[in-house]
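Everything below concerns the one structure shown next.
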Amino acid sequence: MRMLLPSALAARLLGAFRQPLLHSLWRGLAPLLYWLRAAFWWPGTGKGQQRVRERAEGRQEEEADGDLPITPTSVNYHFTRQCNYRCGFCFHTAKTSFVLPLEEAKRGLFLLKEAGMEKINFSGGEPFLQDRGEYLGQLVKFCKQELLLPSVSIVSNGSLIREKWFRDYGDYLDILAISCDSFDEEVNVLIGRGQGKKNHVENLQKLRKWCNDYRVAFKINSVINRFNVDEDMNEQIKALNPVRWKVFQCLLIEGENCGDDALREAQRFVISDEEFEEFLERHKGVSCLVPESNQKMKDSYLILDEYMRFLNCRSGRKDPSMSILDVGVEEAIKFSGFDERMFLNRGGKYVWSKADLKLDW
Ligand code: SF4
C-alpha cells in the first residue's frame, strides 16, 4: 500500500478539525492520523517528493531556468518572536507575542512534509521561552517521530535550556545551534546578550557537554559585528569542537533592525565586507567554519514566521506571504522570494542528520 489517504483529502480533513467544536476530537485523532500517514509514507507520494525525484532524474531540465516550483527542502520556522535577550542587531525582533496553538503548528509542519520538507530548523526569538521549552520539545518530537524528518534542528541563545529537556527530547533532535558572538563577557554585554549574573560562555560549555551526553550534534552561530570583529576566537572554538561554526556578517533588515518601524537600530553594528573577510582570514584554520556574507545569506533561506507565512527578504525587509495554513504550501511559497540556487550555492544542503554525521560521542 503506498498511501492511506490522498494528500488533498488529508489536508482537508486536517483543516476541518480546526473548528472549535471538533477541536477536542481532533486532539484525540491527530496522533493516529499522523501516524497512519507516516507509517504508510512512500518516498515520492507528495508533490514535493515527486519533484525532487524528477529533478534528480533530469526530467525537469527545461524548468531549471527559474520556473521550477520551489520545494521547501529546508525550512526555518521562527514560531515565536519573544526573547529574553536584547541583542542590538537582532533581525527577528519581538514585534508580536503570537504563537500558534500546538496542533495548528503540527498541521503546518505536516503540510510542509507533504510538500517535500527534509529539514526543519526551529528558531525565534528564543524558542525555549514558550512554555519552558515544552512547546518546542513537542514539535521536535513530532517532526522526528511522526513526520520522520531526516533532520530536526534548533537555534537558541542557550540561556534557558535545562538538562531535563535533553532527557525528554534529546533523542529527537539532530543539531542544536547556540548563538555565541564573543568569548569576552564584556563584549556580550555590549551586544545585548548579558543575563545578569549568568555567564554566557560558561553556559556554552555546559551545553556542549549535554549535547555530548545526550548525543545531539553541537553547532555554534556567530554574528560578526563592530564589537567582535577584531576578536580571535580560534582557541575557544577549537576547544568546543562544534560540527559547524556558522559565521554570519551582521545584516540590516528594514522593519526589524533599521528603519522607522524597527525595534532596533543596528547601523552601529555593521561591518564592511573587507572587515568580514579579515575575520575569516584570521580563523581560516578552523575547519568547521562556514562563512555567510550578506550576499550569501540573501534569499537563500526559507523563513516561516509565527503565523506560518513565508517571509520574502528581496526588498531588504521581510514581506509576508499568506499563511500556509490558509492557502497551502504551494501557493504561499510562490511569494517566499526564495532562491533555490543561492541555497545550494551557500552549501545549504549538507550532512544534517545525526545518524549520518558519524560523530564520536
Ligand atoms: S538572542 Fe537571537 S532572537 Fe534574541 S534578541 Fe538576540 S538575536 Fe534576537
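Chain labels run A, B, ... following the order of the C-alpha cells; each chain numbers its residues from 1, and ligands are numbered from 1 in the order shown.
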
Mind running chain A against ligand 1 at 6 Å and telling me each contacting residue's nearest atom pair with the distance in Å (one decimal), counting only C-alpha atoms and all ligand atoms, chain and number ascending, as JSON lines?
{"residue": "A:Cys83", "atom": "CA", "partner": "ligand 1", "partner_atom_place_in_ligand_line": "4 (Fe)", "distance": 4.7}
{"residue": "A:Tyr85", "atom": "CA", "partner": "ligand 1", "partner_atom_place_in_ligand_line": "5 (S)", "distance": 4.5}
{"residue": "A:Arg86", "atom": "CA", "partner": "ligand 1", "partner_atom_place_in_ligand_line": "5 (S)", "distance": 4.2}
{"residue": "A:Cys87", "atom": "CA", "partner": "ligand 1", "partner_atom_place_in_ligand_line": "6 (Fe)", "distance": 4.1}
{"residue": "A:Cys90", "atom": "CA", "partner": "ligand 1", "partner_atom_place_in_ligand_line": "7 (S)", "distance": 4.0}
{"residue": "A:His92", "atom": "CA", "partner": "ligand 1", "partner_atom_place_in_ligand_line": "8 (Fe)", "distance": 5.8}
{"residue": "A:Thr93", "atom": "CA", "partner": "ligand 1", "partner_atom_place_in_ligand_line": "8 (Fe)", "distance": 5.9}
{"residue": "A:Gly124", "atom": "CA", "partner": "ligand 1", "partner_atom_place_in_ligand_line": "3 (S)", "distance": 5.4}
{"residue": "A:Gly125", "atom": "CA", "partner": "ligand 1", "partner_atom_place_in_ligand_line": "3 (S)", "distance": 3.6}
{"residue": "A:Glu126", "atom": "CA", "partner": "ligand 1", "partner_atom_place_in_ligand_line": "3 (S)", "distance": 5.4}
{"residue": "A:Asn157", "atom": "CA", "partner": "ligand 1", "partner_atom_place_in_ligand_line": "1 (S)", "distance": 4.9}

If you run DSSP on this backbone, which residues of range 123-330 of chain A come out as strand (DSSP E or B), and could you give them as a PyMOL selection string?
-> chain A and resi 123+151-156+175-179+195+198+217-224+244-249+254+258+289-292+303-304+309-312+317+319-323

Could you list, with a cut-off of 12 Å and counting only C-alpha atoms, the residues of range 66-156 of chain A near range 346-353 of chain A, each shown with its nearest atom pair and the distance in Å rounded to one decimal, rows sorted by chain and ascending number, as a tab-separated table?
residue	atom	partner	partner_atom	distance
A:Pro72	CA	A:Gly348	CA	12.0
A:Thr73	CA	A:Lys349	CA	8.8
A:Ser74	CA	A:Gly348	CA	8.0
A:Val75	CA	A:Gly348	CA	10.7
A:Asn76	CA	A:Gly348	CA	11.9
A:Glu118	CA	A:Trp352	CA	9.6
A:Lys119	CA	A:Trp352	CA	7.8
A:Ile120	CA	A:Trp352	CA	10.2
A:Asn121	CA	A:Trp352	CA	10.7
A:Lys144	CA	A:Ser353	CA	10.7
A:Leu148	CA	A:Ser353	CA	11.3
A:Leu149	CA	A:Ser353	CA	9.0
A:Pro150	CA	A:Ser353	CA	5.6
A:Ser151	CA	A:Ser353	CA	4.8
A:Val152	CA	A:Ser353	CA	7.7
A:Ser153	CA	A:Trp352	CA	8.7

Shell around Asn221 in chain A at 9 Å using only C-alpha atoms, local window under 5 positions removed, as a PyMOL selection string | chain A and resi 155+177-181+244-248

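Between Gln205 in chain A and the candidates A:Thr80, A:Val327, A:Asn294, A:Ile237, the tightest atom-to-atom separation, counting only C-alpha atoms, involves A:Ile237.
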
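Summary of the local environment: counting only C-alpha atoms, residues at most 8 Å from Phe338 in chain A, other than itself and those fewer than 4 positions away along its chain, are Ile70, Asp299, Ser300, Tyr301, Leu302 and Asn312 of chain A.
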
Expected file contents, prior selection, N, CA and C atoms, as a PDB file, in the first residue's frame:
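Just written: part38.pdb:
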ATOM      1  N   ILE A  70       9.087  25.678  -6.252  1.00  0.00           N
ATOM      2  CA  ILE A  70      10.059  25.599  -5.154  1.00  0.00           C
ATOM      3  C   ILE A  70       9.694  24.451  -4.221  1.00  0.00           C
ATOM      4  N   ASP A 299      18.304  35.827   0.244  1.00  0.00           N
ATOM      5  CA  ASP A 299      17.308  34.997  -0.461  1.00  0.00           C
ATOM      6  C   ASP A 299      17.594  33.502  -0.412  1.00  0.00           C
ATOM      7  N   SER A 300      18.550  33.063   0.415  1.00  0.00           N
ATOM      8  CA  SER A 300      18.896  31.642   0.385  1.00  0.00           C
ATOM      9  C   SER A 300      18.303  30.883   1.563  1.00  0.00           C
ATOM     10  N   TYR A 301      17.430  31.534   2.315  1.00  0.00           N
ATOM     11  CA  TYR A 301      16.750  30.863   3.434  1.00  0.00           C
ATOM     12  C   TYR A 301      15.245  30.889   3.215  1.00  0.00           C
ATOM     13  N   LEU A 302      14.606  29.770   3.515  1.00  0.00           N
ATOM     14  CA  LEU A 302      13.142  29.744   3.530  1.00  0.00           C
ATOM     15  C   LEU A 302      12.715  30.014   4.966  1.00  0.00           C
ATOM     16  N   ASN A 312       9.534  37.144   2.660  1.00  0.00           N
ATOM     17  CA  ASN A 312      10.287  37.472   1.451  1.00  0.00           C
ATOM     18  C   ASN A 312      11.214  38.655   1.753  1.00  0.00           C
TER      19      ASN A 312
END

So how many Å separate CA of Arg107 in chain A and CA of Gly328 in chain A, to one decimal?
-> 10.8 Å

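Nearest-residue note for Gly255 in chain A: choosing from A:Cys143, A:Leu359, A:Leu160, A:Cys313, the minimum distance belongs to A:Cys313, counting only C-alpha atoms.
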
Name the residues of range 162-359 of chain A that fall into alpha helix (DSSP H) according to DSSP on the backbone, using the chain letters and numbers of this document, as an MDAnalysis selection string.
-> chainID A and resid 163:169 185:191 200:213 234:240 273:282 294:297 324:327 329:332 340:345 354:357

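The interatomic distance for the pair CA of Gln249 in chain A and CA of Ser293 in chain A works out to 5.1 Å.
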
Which residue of A:Lys334, A:Leu325, A:Glu163, A:Gly158 approaches Lys106 in chain A most closely, using only C-alpha atoms | A:Leu325
